[in-house]
$ cat protein_15.cif   # mmCIF, C-alpha atoms
data_data
#
loop_
_atom_site.label_atom_id
_atom_site.label_comp_id
_atom_site.auth_asym_id
_atom_site.auth_seq_id
_atom_site.Cartn_x
_atom_site.Cartn_y
_atom_site.Cartn_z
CA MET S 1 0.45 29.15 -18.36
CA ASP S 2 -0.43 32.57 -16.92
CA ASN S 3 0.25 35.65 -18.99
CA GLU S 4 2.91 36.98 -16.62
CA ASN S 5 5.15 33.97 -17.24
CA LYS S 6 4.41 33.61 -20.92
CA ARG S 7 7.41 32.74 -23.12
CA ILE S 8 7.03 33.72 -26.77
CA LEU S 9 9.33 33.07 -29.72
CA VAL S 10 8.86 35.38 -32.71
CA ILE S 11 10.19 33.83 -35.91
CA GLN S 12 10.99 36.28 -38.69
CA MET S 13 14.52 35.54 -39.84
CA SER S 14 14.84 37.91 -42.80
CA SER S 15 14.91 40.18 -44.68
CA MET S 16 15.14 43.86 -43.71
CA GLY S 17 11.75 44.84 -45.10
CA ASP S 18 9.96 41.80 -43.68
CA ILE S 19 11.49 42.35 -40.25
CA VAL S 20 10.53 46.04 -40.25
CA ASN S 21 6.98 45.15 -41.30
CA THR S 22 6.75 42.71 -38.38
CA LEU S 23 7.63 45.37 -35.78
CA PRO S 24 4.02 46.57 -35.26
CA ALA S 25 3.10 42.99 -34.35
CA LEU S 26 5.96 42.90 -31.84
CA TYR S 27 4.80 46.20 -30.34
CA ASN S 28 1.30 44.84 -29.84
CA ILE S 29 2.55 41.58 -28.31
CA ARG S 30 4.56 43.54 -25.76
CA LYS S 31 1.64 45.88 -25.10
CA GLU S 32 -0.69 42.92 -24.41
CA TYR S 33 1.89 40.91 -22.43
CA PRO S 34 4.16 43.48 -20.73
CA THR S 35 5.87 40.91 -18.46
CA ALA S 36 6.20 38.07 -20.97
CA TYR S 37 9.59 36.80 -22.08
CA ILE S 38 9.81 37.62 -25.81
CA ALA S 39 12.63 36.31 -27.99
CA TRP S 40 13.09 36.88 -31.72
CA LEU S 41 14.81 34.42 -34.04
CA VAL S 42 16.69 36.20 -36.83
CA ARG S 43 19.43 35.36 -39.27
CA GLU S 44 22.88 36.61 -38.41
CA SER S 45 23.03 39.07 -41.31
CA PHE S 46 19.91 40.92 -40.03
CA PHE S 47 20.78 41.01 -36.33
CA GLU S 48 21.40 44.78 -36.34
CA VAL S 49 17.82 45.51 -37.44
CA LEU S 50 16.67 44.34 -34.00
CA GLU S 51 19.75 45.12 -31.93
CA LYS S 52 18.36 48.11 -30.00
CA ASN S 53 14.70 47.17 -29.99
CA PRO S 54 13.24 47.84 -26.53
CA HIS S 55 10.46 45.23 -26.80
CA ILE S 56 12.70 42.16 -27.13
CA ASP S 57 14.22 40.29 -24.19
CA GLU S 58 16.52 38.16 -26.33
CA ILE S 59 17.64 38.02 -29.94
CA ILE S 60 18.43 34.45 -30.95
CA VAL S 61 20.78 34.48 -33.92
CA PHE S 62 20.44 31.83 -36.59
CA PRO S 63 23.97 31.73 -38.08
CA ASP S 64 24.09 32.33 -41.83
CA ILE S 65 26.25 29.25 -42.35
CA LEU S 66 23.69 27.14 -40.49
CA THR S 67 20.92 28.60 -42.66
CA LYS S 68 22.40 26.92 -45.72
CA LYS S 69 22.79 23.60 -43.94
CA PHE S 70 19.21 23.72 -42.63
CA GLN S 71 17.94 24.41 -46.13
CA ARG S 72 19.78 21.33 -47.36
CA LEU S 73 18.41 18.93 -44.76
CA ASN S 74 18.02 15.73 -46.75
CA PRO S 75 17.62 12.16 -45.48
CA ASN S 76 19.67 10.90 -48.42
CA ARG S 77 22.62 13.18 -47.74
CA ASN S 78 25.62 12.23 -45.61
CA TYR S 79 26.32 14.91 -42.99
CA ASN S 80 29.66 15.23 -41.27
CA ILE S 81 29.76 15.20 -37.47
CA LEU S 82 30.44 18.94 -37.18
CA GLU S 83 27.40 19.83 -39.30
CA LEU S 84 25.13 17.59 -37.25
CA ARG S 85 26.55 18.93 -34.01
CA ASN S 86 25.91 22.54 -35.08
CA ILE S 87 22.32 21.75 -36.00
CA LEU S 88 21.67 19.79 -32.80
CA ASP S 89 23.29 22.48 -30.65
CA PHE S 90 21.01 25.09 -32.18
CA ILE S 91 17.89 22.98 -31.63
CA ARG S 92 18.96 22.33 -28.04
CA LYS S 93 19.45 26.08 -27.50
CA ILE S 94 15.89 26.76 -28.67
CA ARG S 95 14.36 23.95 -26.61
CA ASN S 96 16.20 25.05 -23.46
CA ARG S 97 14.31 28.36 -23.58
CA LYS S 98 11.07 26.42 -22.91
CA PHE S 99 8.86 28.57 -25.10
CA ASP S 100 5.14 27.95 -24.74
CA THR S 101 4.25 29.90 -27.92
CA THR S 102 5.88 30.41 -31.30
CA ILE S 103 4.62 32.85 -33.94
CA ASP S 104 5.89 31.95 -37.39
CA PHE S 105 5.76 35.16 -39.39
CA HIS S 106 8.38 33.94 -41.84
CA ASN S 107 6.13 31.22 -43.22
CA ILE S 108 8.72 28.97 -44.88
CA THR S 109 9.52 25.30 -44.35
CA GLN S 110 12.62 26.15 -42.34
CA SER S 111 10.78 28.41 -39.90
CA GLY S 112 8.01 25.83 -39.48
CA ILE S 113 10.54 23.12 -38.61
CA ILE S 114 12.18 25.37 -36.03
CA ALA S 115 8.80 26.18 -34.47
CA PHE S 116 7.99 22.47 -34.26
CA LEU S 117 11.37 21.53 -32.79
CA SER S 118 11.15 24.31 -30.19
CA GLY S 119 8.79 22.18 -28.13
CA ALA S 120 6.20 24.96 -27.87
CA LYS S 121 2.67 23.64 -27.45
CA LYS S 122 1.09 26.63 -29.23
CA ARG S 123 2.59 27.16 -32.70
CA ILE S 124 0.87 29.92 -34.65
CA GLY S 125 1.28 30.30 -38.41
CA PHE S 126 -0.51 31.16 -41.63
CA GLN S 127 -2.98 28.95 -43.47
CA ARG S 128 -2.46 29.66 -47.16
CA LYS S 129 -4.63 28.50 -50.05
CA LYS S 130 -1.63 27.74 -52.23
CA GLU S 131 1.80 27.28 -50.75
CA LYS S 132 5.13 26.12 -52.15
CA GLU S 133 6.57 25.99 -48.63
CA PHE S 134 5.45 23.59 -45.89
CA SER S 135 5.47 25.69 -42.74
CA GLN S 136 1.76 25.05 -42.12
CA TRP S 137 2.50 21.35 -41.67
CA PHE S 138 4.48 22.18 -38.53
CA ASN S 139 2.21 24.82 -36.95
CA ASN S 140 -0.89 23.69 -35.06
CA ILE S 141 -2.80 27.00 -34.89
CA LYS S 142 -3.42 28.39 -38.36
CA VAL S 143 -4.73 31.79 -39.31
CA ARG S 144 -6.33 32.39 -42.69
CA THR S 145 -5.75 35.72 -44.40
CA ASP S 146 -6.39 37.31 -47.77
CA GLU S 147 -2.78 37.31 -48.88
CA ARG S 148 -3.50 39.07 -52.19
CA ASN S 149 -5.47 42.07 -50.94
CA ILE S 150 -4.24 42.84 -47.43
CA HIS S 151 -0.98 44.62 -46.73
CA ILE S 152 1.62 42.36 -45.16
CA VAL S 153 1.78 44.56 -42.02
CA ASP S 154 -1.92 43.90 -41.43
CA GLN S 155 -1.49 40.21 -42.23
CA TYR S 156 1.20 40.02 -39.55
CA LEU S 157 -1.04 41.85 -37.09
CA GLY S 158 -3.82 39.39 -37.92
CA LEU S 159 -1.55 36.51 -36.96
CA LEU S 160 -1.87 37.67 -33.33
CA SER S 161 -5.59 36.89 -33.08
CA PRO S 162 -5.05 33.48 -31.41
CA LEU S 163 -3.32 35.40 -28.60
CA GLY S 164 -6.42 37.55 -28.11
CA ILE S 165 -4.73 40.54 -29.74
CA ASN S 166 -6.97 42.29 -32.27
CA SER S 167 -5.29 45.70 -32.33
CA ARG S 168 -4.27 47.21 -35.66
CA GLU S 169 -2.05 49.84 -34.06
CA ALA S 170 1.02 50.11 -36.32
CA ILE S 171 3.94 51.38 -34.26
CA PHE S 172 7.39 50.93 -35.83
CA ASP S 173 10.06 51.21 -33.14
CA LEU S 174 13.40 51.17 -34.98
CA GLY S 175 15.58 52.08 -32.02
CA ILE S 176 17.07 55.27 -33.55
CA SER S 177 19.38 56.85 -30.97
CA LYS S 178 20.71 60.35 -30.31
CA GLU S 179 24.07 59.17 -31.69
CA ASP S 180 22.42 58.02 -34.92
CA ASN S 181 20.82 61.43 -35.41
CA GLU S 182 24.13 63.17 -34.68
CA TYR S 183 25.83 60.99 -37.29
CA VAL S 184 23.35 62.26 -39.88
CA GLU S 185 23.63 65.89 -38.76
CA ASN S 186 27.42 65.79 -39.04
CA PHE S 187 27.16 64.37 -42.55
CA PHE S 188 24.69 67.10 -43.51
CA LYS S 189 27.01 69.82 -42.22
CA GLY S 190 29.94 68.37 -44.15
CA ASN S 191 27.88 68.33 -47.35
CA TYR S 192 26.15 71.71 -46.89
CA ILE S 193 22.70 70.17 -46.52
CA LYS S 194 20.17 72.17 -44.54
CA ASN S 195 17.07 70.70 -42.94
CA ASP S 196 14.81 72.98 -45.00
CA ASP S 197 16.36 71.82 -48.30
CA LEU S 198 14.36 69.56 -50.59
CA ILE S 199 16.17 66.39 -49.54
CA ILE S 200 15.35 63.45 -51.78
CA GLY S 201 16.72 60.01 -50.98
CA ILE S 202 17.13 57.40 -53.69
CA HIS S 203 18.06 53.74 -53.36
CA PRO S 204 18.67 52.09 -56.75
CA GLY S 205 19.24 48.55 -55.52
CA THR S 206 17.20 45.47 -54.69
CA THR S 207 18.04 41.79 -54.41
CA TRP S 208 15.66 40.53 -57.11
CA GLU S 209 16.98 41.36 -60.57
CA ARG S 210 13.42 41.55 -61.95
CA LYS S 211 12.43 44.18 -59.37
CA LYS S 212 15.20 46.56 -60.47
CA TRP S 213 14.71 49.77 -62.39
CA LYS S 214 17.69 50.56 -64.59
CA PHE S 215 20.54 52.21 -62.73
CA GLU S 216 20.89 54.72 -65.58
CA ASN S 217 17.28 55.77 -64.97
CA PHE S 218 18.04 56.60 -61.35
CA ILE S 219 21.03 58.71 -62.41
CA GLU S 220 19.01 60.61 -65.01
CA LEU S 221 16.20 61.05 -62.48
CA SER S 222 18.70 62.47 -59.98
CA ASN S 223 20.06 64.91 -62.55
CA ARG S 224 16.59 66.17 -63.44
CA LEU S 225 15.55 66.53 -59.78
CA ILE S 226 18.65 68.62 -59.14
CA ASN S 227 18.15 70.79 -62.23
CA SER S 228 14.39 71.26 -61.81
CA TYR S 229 14.07 71.64 -58.04
CA ASP S 230 17.60 72.34 -56.80
CA ALA S 231 17.07 69.20 -54.75
CA LYS S 232 19.70 67.69 -52.50
CA VAL S 233 19.70 64.15 -53.89
CA ILE S 234 21.30 61.53 -51.67
CA LEU S 235 22.00 58.09 -53.13
CA PHE S 236 21.87 55.22 -50.64
CA TRP S 237 23.51 51.93 -51.41
CA GLY S 238 24.37 48.44 -50.25
CA ASP S 239 27.15 46.02 -51.10
CA ILE S 240 25.47 45.10 -54.40
CA GLU S 241 25.58 48.69 -55.69
CA LYS S 242 28.92 49.74 -54.20
CA ASP S 243 31.00 49.68 -57.39
CA LEU S 244 28.36 51.51 -59.44
CA ILE S 245 27.76 54.14 -56.78
CA MET S 246 31.43 55.04 -56.54
CA GLU S 247 31.49 56.00 -60.25
CA ILE S 248 28.71 58.56 -59.89
CA LYS S 249 30.86 61.47 -58.75
CA ASP S 250 32.41 61.47 -62.21
CA ILE S 251 28.93 61.79 -63.75
CA ASN S 252 27.49 64.58 -61.56
CA GLU S 253 29.32 65.91 -58.54
CA ARG S 254 26.08 67.42 -57.22
CA ILE S 255 24.70 63.97 -56.49
CA ILE S 256 25.49 63.20 -52.86
CA ILE S 257 26.63 59.70 -52.00
CA ALA S 258 25.48 58.51 -48.58
CA PRO S 259 28.17 57.09 -46.31
CA MET S 260 28.27 53.51 -45.16
CA THR S 261 25.57 53.14 -42.52
CA ASN S 262 24.28 50.59 -40.09
CA PHE S 263 20.54 49.96 -39.96
CA ARG S 264 19.67 52.63 -37.40
CA GLN S 265 21.83 55.25 -39.10
CA LEU S 266 20.05 54.46 -42.37
CA ALA S 267 16.70 54.93 -40.63
CA ALA S 268 17.88 58.27 -39.20
CA PHE S 269 18.95 59.39 -42.68
CA LEU S 270 15.66 58.39 -44.28
CA LYS S 271 13.71 60.21 -41.59
CA LYS S 272 15.42 63.43 -42.70
CA CYS S 273 14.40 62.99 -46.35
CA LYS S 274 11.38 64.87 -47.66
CA ILE S 275 10.88 62.20 -50.35
CA PHE S 276 12.36 58.73 -50.77
CA ILE S 277 12.34 56.82 -54.08
CA SER S 278 13.19 53.17 -54.66
CA CYS S 279 12.01 49.85 -56.03
CA ASP S 280 10.45 47.21 -53.79
CA THR S 281 13.33 46.91 -51.34
CA GLY S 282 14.00 46.99 -47.60
CA ALA S 283 14.93 50.68 -47.49
CA LEU S 284 11.49 51.57 -48.89
CA HIS S 285 9.83 49.97 -45.85
CA VAL S 286 12.27 51.68 -43.47
CA ALA S 287 11.46 55.06 -45.02
CA SER S 288 7.75 54.37 -44.73
CA ALA S 289 8.19 53.25 -41.11
CA VAL S 290 9.87 56.52 -40.09
CA GLY S 291 7.12 58.57 -41.74
CA THR S 292 8.90 59.81 -44.86
CA THR S 293 6.85 60.29 -48.03
CA THR S 294 7.85 57.44 -50.33
CA ILE S 295 7.58 56.62 -54.01
CA GLY S 296 7.77 52.89 -54.71
CA LEU S 297 8.39 51.49 -58.20
CA PHE S 298 6.66 48.15 -58.67
CA GLY S 299 6.62 45.53 -61.40
CA PRO S 300 6.52 41.82 -60.52
CA THR S 301 5.52 42.23 -56.87
CA ASP S 302 2.17 43.46 -55.55
CA SER S 303 2.15 46.94 -54.05
CA LYS S 304 -1.15 46.21 -52.26
CA VAL S 305 0.76 43.69 -50.17
CA THR S 306 4.37 44.89 -50.06
CA GLY S 307 4.07 48.55 -50.97
CA PRO S 308 4.70 51.46 -48.58
CA TYR S 309 2.42 50.97 -45.59
CA ARG S 310 1.78 54.68 -45.13
CA ASN S 311 2.79 58.04 -46.64
CA GLY S 312 3.34 56.21 -49.89
CA TYR S 313 2.87 56.69 -53.61
CA VAL S 314 3.17 53.73 -55.95
CA ILE S 315 4.13 53.74 -59.61
CA LYS S 316 3.21 50.39 -61.14
CA SER S 317 4.35 48.87 -64.37
CA PRO S 318 1.53 49.43 -66.90
CA LEU S 319 1.68 45.83 -68.10
CA LYS S 320 -1.58 43.98 -67.49
CA CYS S 321 0.27 41.01 -66.02
CA SER S 322 1.76 43.20 -63.27
CA PRO S 323 1.84 42.12 -60.48
CA CYS S 324 3.31 38.99 -61.98
CA VAL S 325 0.85 36.13 -62.44
CA LEU S 326 3.77 33.74 -61.95
CA TYR S 327 4.56 35.42 -58.62
CA TRP S 328 1.06 34.68 -57.32
CA GLN S 329 1.22 31.12 -58.63
CA LYS S 330 4.05 30.63 -56.10
CA VAL S 331 6.50 30.00 -58.91
CA SER S 332 10.10 30.31 -57.75
CA TYR S 333 12.08 33.43 -58.58
CA GLU S 334 14.39 31.39 -60.80
CA ASP S 335 11.41 30.12 -62.79
CA ILE S 336 10.00 33.63 -63.17
CA ILE S 337 13.27 34.70 -64.78
CA THR S 338 13.18 31.68 -67.09
CA LYS S 339 9.49 31.76 -68.02
CA CYS S 340 8.80 35.49 -68.31
CA PRO S 341 10.30 37.25 -71.36
CA LEU S 342 9.26 40.73 -70.21
CA ASP S 343 11.18 43.30 -68.17
CA CYS S 344 8.10 44.88 -66.61
CA MET S 345 10.11 47.51 -64.70
CA SER S 346 11.43 48.99 -67.96
CA TYR S 347 7.89 50.20 -68.75
CA ILE S 348 8.06 52.72 -65.90
CA SER S 349 9.40 56.00 -67.29
CA ILE S 350 11.46 58.73 -65.67
CA ASP S 351 8.64 61.15 -66.47
CA ASP S 352 6.25 58.94 -64.46
CA VAL S 353 8.44 59.41 -61.39
CA LEU S 354 8.97 63.13 -61.96
CA SER S 355 5.23 63.64 -62.28
CA THR S 356 4.70 62.00 -58.89
CA VAL S 357 7.45 64.10 -57.31
CA LYS S 358 5.80 67.24 -58.69
CA LYS S 359 2.46 66.15 -57.23
CA ILE S 360 4.03 65.65 -53.78
CA ILE S 361 5.79 69.02 -53.87
CA ASN S 362 2.61 70.81 -54.95
CA ARG S 363 0.61 69.19 -52.15
CA THR S 364 3.28 70.06 -49.61
CA ASN S 365 3.36 73.67 -50.71
#
$ encode --input "protein_15.cif" --output "structure tokens"
Amino acid sequence: MDNENKRILVIQMSSMGDIVNTLPALYNIRKEYPTAYIAWLVRESFFEVLEKNPHIDEIIVFPDILTKKFQRLNPNRNYNILELRNILDFIRKIRNRKFDTTIDFHNITQSGIIAFLSGAKKRIGFQRKKEKEFSQWFNNIKVRTDERNIHIVDQYLGLLSPLGINSREAIFDLGISKEDNEYVENFFKGNYIKNDDLIIGIHPGTTWERKKWKFENFIELSNRLINSYDAKVILFWGDIEKDLIMEIKDINERIIIAPMTNFRQLAAFLKKCKIFISCDTGALHVASAVGTTTIGLFGPTDSKVTGPYRNGYVIKSPLKCSPCVLYWQKVSYEDIITKCPLDCMSYISIDDVLSTVKKIINRTN
């Protein structure tokens, strides 16, 4: 098939950080194939991350309810007619697009099955040395990469080599609009925040319990940043942290609570921050993508692979087993919780973070 009529399906269904880190690959696909039809398969709950992206012709939504059913595909299970119909309708929708190429960035069994069922003749995916998922069984063009020493952004870019794309240009187009920037400016005016203030964003949450730094540490850190630097500290939050965040005003009214935001508004907020601090979570990658100086707190996961891609400082747990040996043995998250008695994140001190903030401020000045 000629390049002008190429039809490409990008498969990266979740989560926020992984999708953001795949955007440079998307940019380079579009740059190499400006007239190709490019679709992106994403889970329903992460649709808004891609909603305004100018390089995508179609966003194909994988419904969250269907995600659970797909994960439970089992020849010994009895499916009701509605479940089977939903699954078959989705497969038919993918096949009707007549993709000639799929690129499986997600690298799980589910994404491999979808690539295979799409009918695409060229199915690109990773070749891993040790894998608990089975995506490579379903992809017929496999790319080897050093998954322990190369940042995930560069691994994703490397997955484009079978398409003749060898660029390492990392452009993150998040689709921030004029309206998104105005939303942030209005919030700043209402909270007496000036652009030349030392604006420090903090996000205390993450989905993995073992990746979390204690919430009390983030509050104490915020207090000390305000007292030492007269910083404007803005706490960002998601549904998981909502109840905790709402209690903070009673602790220190100088801590500013960010409003509810959509993805692009969050990106616009983070772009305004001078420094952003969080654990290994999606917002960290958004902040890095918009060019904000970031401080990432890492314990079980490997900052060489999933740390800030640029403008980043990393504070690692001092434990010798960090990043977690179980993590690299492809042990499930549930097993890591069961088998590891250590809370590696608790070994990172507030003073460690403050020292890094001081270093950034001194270099800026």
$ closest_residue --input "protein_15.cif" --among "S:Leu354, S:Val143, S:Leu9, S:Ala289" --to "Leu221 (chain S)" --atoms "all atoms listed in the file"
S:Leu354
$ resolve_selection --input "protein_15.cif" --expression "the PyMOL selection byres ((chain S and resi 112) around 8)" --output "tab-separated table (two decimals) with C-alpha atoms, in the frame of the given file"
chain	number	residue	atom	x	y	z
S	104	ASP	CA	5.89	31.95	-37.39
S	107	ASN	CA	6.13	31.22	-43.22
S	108	ILE	CA	8.72	28.97	-44.88
S	109	THR	CA	9.52	25.30	-44.35
S	110	GLN	CA	12.62	26.15	-42.34
S	111	SER	CA	10.78	28.41	-39.90
S	113	ILE	CA	10.54	23.12	-38.61
S	114	ILE	CA	12.18	25.37	-36.03
S	115	ALA	CA	8.80	26.18	-34.47
S	116	PHE	CA	7.99	22.47	-34.26
S	134	PHE	CA	5.45	23.59	-45.89
S	135	SER	CA	5.47	25.69	-42.74
S	136	GLN	CA	1.76	25.05	-42.12
S	137	TRP	CA	2.50	21.35	-41.67
S	138	PHE	CA	4.48	22.18	-38.53
S	139	ASN	CA	2.21	24.82	-36.95
$ residues_around --input "protein_15.cif" --residues "region 146-163 of chain S" --least-positions-apart "6" --cutoff "6 Å" --atoms "all atoms listed in the file" --output "list in words"
Asn21, Ala25, Lys304 and Val305 of chain S
$ residues_around --input "protein_15.cif" --residues "region 199-204 of chain S" --least-positions-apart "2" --cutoff "7 Å" --atoms "only C-alpha atoms" --output "list in words"
Asp197, Phe215, Phe218, Ala231, Lys232, Val233, Ile234, Leu235, Phe236, Trp237, Leu270, Cys273, Lys274, Ile275, Phe276, Ile277 and Ser278 of chain S
$ atom_distance --input "protein_15.cif" --atom1 "CA of Gln12 (chain S)" --atom2 "CA of Leu174 (chain S)"
15.5 Å
$ atom_distance --input "protein_15.cif" --atom1 "CA of Thr301 (chain S)" --atom2 "CA of Ala170 (chain S)"
22.5 Å
$ atom_distance --input "protein_15.cif" --atom1 "CA of Ile361 (chain S)" --atom2 "CA of Ala267 (chain S)"
22.2 Å
